[in-house]
Amino acid sequence: MKERKRMKMMKISAGIFGALVVAFWLLILYVEMGYGPLSPMFFFTLIPLIAILALLVFFVRRRDKAVKAGVPLRDERSERIENRAGRYAMIGTVWFLLAAAFYQMFMEELGLPDIPLRYFIWIVFFVILALFGGFKLYFGRKGDA
Amino acid sequence: MKNRIKELRARHNLTQEDLARKVGVRRETILFLEKGKYNPSLRLAHDVAVALGTTIDELFVFDGE
């Protein structure tokens, strides 16, 4: 019963997260339209959007099936792995942002293209998710003994 | 740290899934425990020992013992 309640909370959280991601994308679309016709580059932002939503649906459905089969949503090992992956993803994101700051600092001197902030936010978002997913997978296979 | 989980589980005719359900964890946790790739909390070690009808010191063998 407790697990079902947790699963329900997880579904609600996933729904809110998905809605926020879509709302955020629509907001960027609205801002972008203010600059005139949409550039083809803008449609690349659809890739992370679809990827995030598809992953969200995939993981929620998989967890839901497992809970219905009597598997706990989380146990001490999965909690430990998620906490460690979260910690490493946070550190990785800080390093990524630092690298981005250096890029911003030297892009003009080196003749590198400018990345508008509205695209950059998507990149950061994707980096966080990729780092967390990657570390979770790695720690889940590695073990900690 | 080595352990006798696999041996005792077989003696009790339990699958990893059965043992996981008994102690309220995922099957992967039991798998990693058996392989010695996961150090459980004292609580989980106790629960597994009880589920297998033994004690923690009978179940887990520390290196150098």
# chains A, B, ... in the order shown; residues from 1 in each chain; ligands from 1
>>> residues_around(residues="stretch 8-10 of chain B", least_positions_apart="4", cutoff="8 Å", atoms="only C-alpha atoms", output="PyMOL selection string")
chain B and resi 4+14-16+19+52
>>> write_last_selection(atoms="N, CA and C atoms", output="compact mmCIF listing (two decimals), in the first residue's frame")
# COMPACT_ATOMS: atom_id res chain seq x y z
N ARG B 4 27.58 -16.29 2.78
CA ARG B 4 27.03 -17.62 2.48
C ARG B 4 25.57 -17.52 2.04
N LEU B 14 15.00 -21.19 -1.92
CA LEU B 14 14.47 -19.86 -2.23
C LEU B 14 15.16 -19.31 -3.47
N THR B 15 14.40 -18.62 -4.28
CA THR B 15 15.02 -17.92 -5.42
C THR B 15 15.45 -16.54 -4.92
N GLN B 16 16.24 -15.86 -5.73
CA GLN B 16 16.64 -14.49 -5.35
C GLN B 16 15.42 -13.60 -5.18
N LEU B 19 13.69 -14.31 -1.80
CA LEU B 19 14.44 -13.71 -0.69
C LEU B 19 14.27 -12.18 -0.70
N LEU B 52 17.02 -16.30 6.38
CA LEU B 52 17.71 -17.56 6.06
C LEU B 52 17.94 -18.41 7.30
>>> closest_atom_pairs(of="chain A", to="chain B", cutoff="7 Å", atoms="only C-alpha atoms", output="tab-separated table")
residue	atom	partner	partner_atom	distance
A:Val71	CA	B:Arg26	CA	6.0
A:Pro72	CA	B:Val25	CA	6.2
A:Asp75	CA	B:Val25	CA	5.4
A:Arg77	CA	B:Thr29	CA	6.4
A:Gly143	CA	B:Lys37	CA	4.8
A:Asp144	CA	B:Tyr38	CA	5.2
A:Ala145	CA	B:Lys37	CA	4.7
>>> atom_distance(atom1="atom CA of A:Ile121", atom2="atom CA of A:Phe58")
23.8 Å
>>> atom_distance(atom1="atom CA of A:Lys136", atom2="atom CA of A:Ile12")
22.4 Å
>>> select_by_dssp(residues="stretch 67-101 of chain A", states="alpha helix (DSSP H)", output="number ranges by chain")
A: 67-68, 76-101
>>> write_last_selection(atoms="C-alpha atoms", output="mmCIF file, in the first residue's frame")
data_model
loop_
_atom_site.group_PDB
_atom_site.id
_atom_site.type_symbol
_atom_site.label_atom_id
_atom_site.label_comp_id
_atom_site.auth_asym_id
_atom_site.auth_seq_id
_atom_site.Cartn_x
_atom_site.Cartn_y
_atom_site.Cartn_z
ATOM 1 C CA VAL A 67 5.582 -1.999 -8.186
ATOM 2 C CA LYS A 68 2.483 -3.883 -9.354
ATOM 3 C CA GLU A 76 18.682 0.937 0.397
ATOM 4 C CA ARG A 77 20.983 0.030 -2.510
ATOM 5 C CA SER A 78 19.049 2.035 -5.112
ATOM 6 C CA GLU A 79 18.885 4.990 -2.707
ATOM 7 C CA ARG A 80 22.631 4.826 -2.164
ATOM 8 C CA ILE A 81 23.254 4.658 -5.928
ATOM 9 C CA GLU A 82 20.890 7.562 -6.675
ATOM 10 C CA ASN A 83 22.429 9.735 -3.966
ATOM 11 C CA ARG A 84 25.930 9.066 -5.227
ATOM 12 C CA ALA A 85 24.938 9.609 -8.882
ATOM 13 C CA GLY A 86 23.229 12.890 -7.912
ATOM 14 C CA ARG A 87 26.330 14.080 -6.081
ATOM 15 C CA TYR A 88 28.643 13.259 -8.991
ATOM 16 C CA ALA A 89 26.212 14.756 -11.534
ATOM 17 C CA MET A 90 26.144 17.985 -9.532
ATOM 18 C CA ILE A 91 29.950 18.171 -9.435
ATOM 19 C CA GLY A 92 30.082 17.328 -13.174
ATOM 20 C CA THR A 93 27.581 20.084 -13.959
ATOM 21 C CA VAL A 94 29.638 22.647 -12.028
ATOM 22 C CA TRP A 95 32.705 21.677 -14.108
ATOM 23 C CA PHE A 96 30.633 21.896 -17.289
ATOM 24 C CA LEU A 97 29.400 25.383 -16.358
ATOM 25 C CA LEU A 98 32.971 26.427 -15.594
ATOM 26 C CA ALA A 99 34.065 25.152 -19.026
ATOM 27 C CA ALA A 100 31.137 27.056 -20.593
ATOM 28 C CA ALA A 101 32.241 30.248 -18.801
#
>>> residues_around(residues="A:Arg6", least_positions_apart="4", cutoff="12 Å", atoms="only C-alpha atoms", output="number ranges by chain")
A: 1-2, 10-13, 60, 63-64, 67, 72-74
>>> write_last_selection(atoms="N, CA and C atoms", output="PDB file, in the first residue's frame")
ATOM      1  N   MET A   1       0.845  -1.215   0.000  1.00  0.00           N
ATOM      2  CA  MET A   1       0.000   0.000   0.000  1.00  0.00           C
ATOM      3  C   MET A   1       0.874   1.256   0.000  1.00  0.00           C
ATOM      4  N   LYS A   2       1.914   1.188   0.861  1.00  0.00           N
ATOM      5  CA  LYS A   2       2.838   2.309   0.967  1.00  0.00           C
ATOM      6  C   LYS A   2       3.534   2.550  -0.384  1.00  0.00           C
ATOM      7  N   MET A  10       5.097   9.563  -7.376  1.00  0.00           N
ATOM      8  CA  MET A  10       6.111   9.603  -8.424  1.00  0.00           C
ATOM      9  C   MET A  10       5.480   9.979  -9.763  1.00  0.00           C
ATOM     10  N   LYS A  11       4.285   9.431 -10.033  1.00  0.00           N
ATOM     11  CA  LYS A  11       3.578   9.744 -11.286  1.00  0.00           C
ATOM     12  C   LYS A  11       3.207  11.224 -11.326  1.00  0.00           C
ATOM     13  N   ILE A  12       2.727  11.746 -10.192  1.00  0.00           N
ATOM     14  CA  ILE A  12       2.356  13.166 -10.134  1.00  0.00           C
ATOM     15  C   ILE A  12       3.588  14.038 -10.364  1.00  0.00           C
ATOM     16  N   SER A  13       4.699  13.679  -9.690  1.00  0.00           N
ATOM     17  CA  SER A  13       5.942  14.454  -9.855  1.00  0.00           C
ATOM     18  C   SER A  13       6.403  14.417 -11.304  1.00  0.00           C
ATOM     19  N   VAL A  60       8.701   5.719 -15.864  1.00  0.00           N
ATOM     20  CA  VAL A  60       7.519   5.663 -14.994  1.00  0.00           C
ATOM     21  C   VAL A  60       6.741   4.374 -15.254  1.00  0.00           C
ATOM     22  N   ARG A  63       8.697   1.405 -13.770  1.00  0.00           N
ATOM     23  CA  ARG A  63       8.585   1.378 -12.309  1.00  0.00           C
ATOM     24  C   ARG A  63       7.187   0.925 -11.891  1.00  0.00           C
ATOM     25  N   ASP A  64       6.182   1.406 -12.612  1.00  0.00           N
ATOM     26  CA  ASP A  64       4.799   1.069 -12.298  1.00  0.00           C
ATOM     27  C   ASP A  64       4.575  -0.441 -12.399  1.00  0.00           C
ATOM     28  N   VAL A  67       6.303  -2.172  -9.453  1.00  0.00           N
ATOM     29  CA  VAL A  67       5.582  -1.999  -8.186  1.00  0.00           C
ATOM     30  C   VAL A  67       4.353  -2.907  -8.150  1.00  0.00           C
ATOM     31  N   PRO A  72       9.794  -3.359  -4.525  1.00  0.00           N
ATOM     32  CA  PRO A  72       9.767  -2.017  -3.929  1.00  0.00           C
ATOM     33  C   PRO A  72      10.292  -0.951  -4.890  1.00  0.00           C
ATOM     34  N   LEU A  73       9.713   0.227  -4.781  1.00  0.00           N
ATOM     35  CA  LEU A  73      10.093   1.335  -5.659  1.00  0.00           C
ATOM     36  C   LEU A  73      11.561   1.714  -5.435  1.00  0.00           C
ATOM     37  N   ARG A  74      11.942   1.738  -4.184  1.00  0.00           N
ATOM     38  CA  ARG A  74      13.327   2.046  -3.822  1.00  0.00           C
ATOM     39  C   ARG A  74      13.731   1.117  -2.699  1.00  0.00           C
TER      40      ARG A  74
END
>>> atom_distance(atom1="atom CA of B:Glu34", atom2="atom CA of A:Tyr138")
19.1 Å
>>> select_by_dssp(residues="chain B", states="strand (DSSP E or B)", output="list in words")
Lys2, Asn3, Phe60 and Val61 of chain B
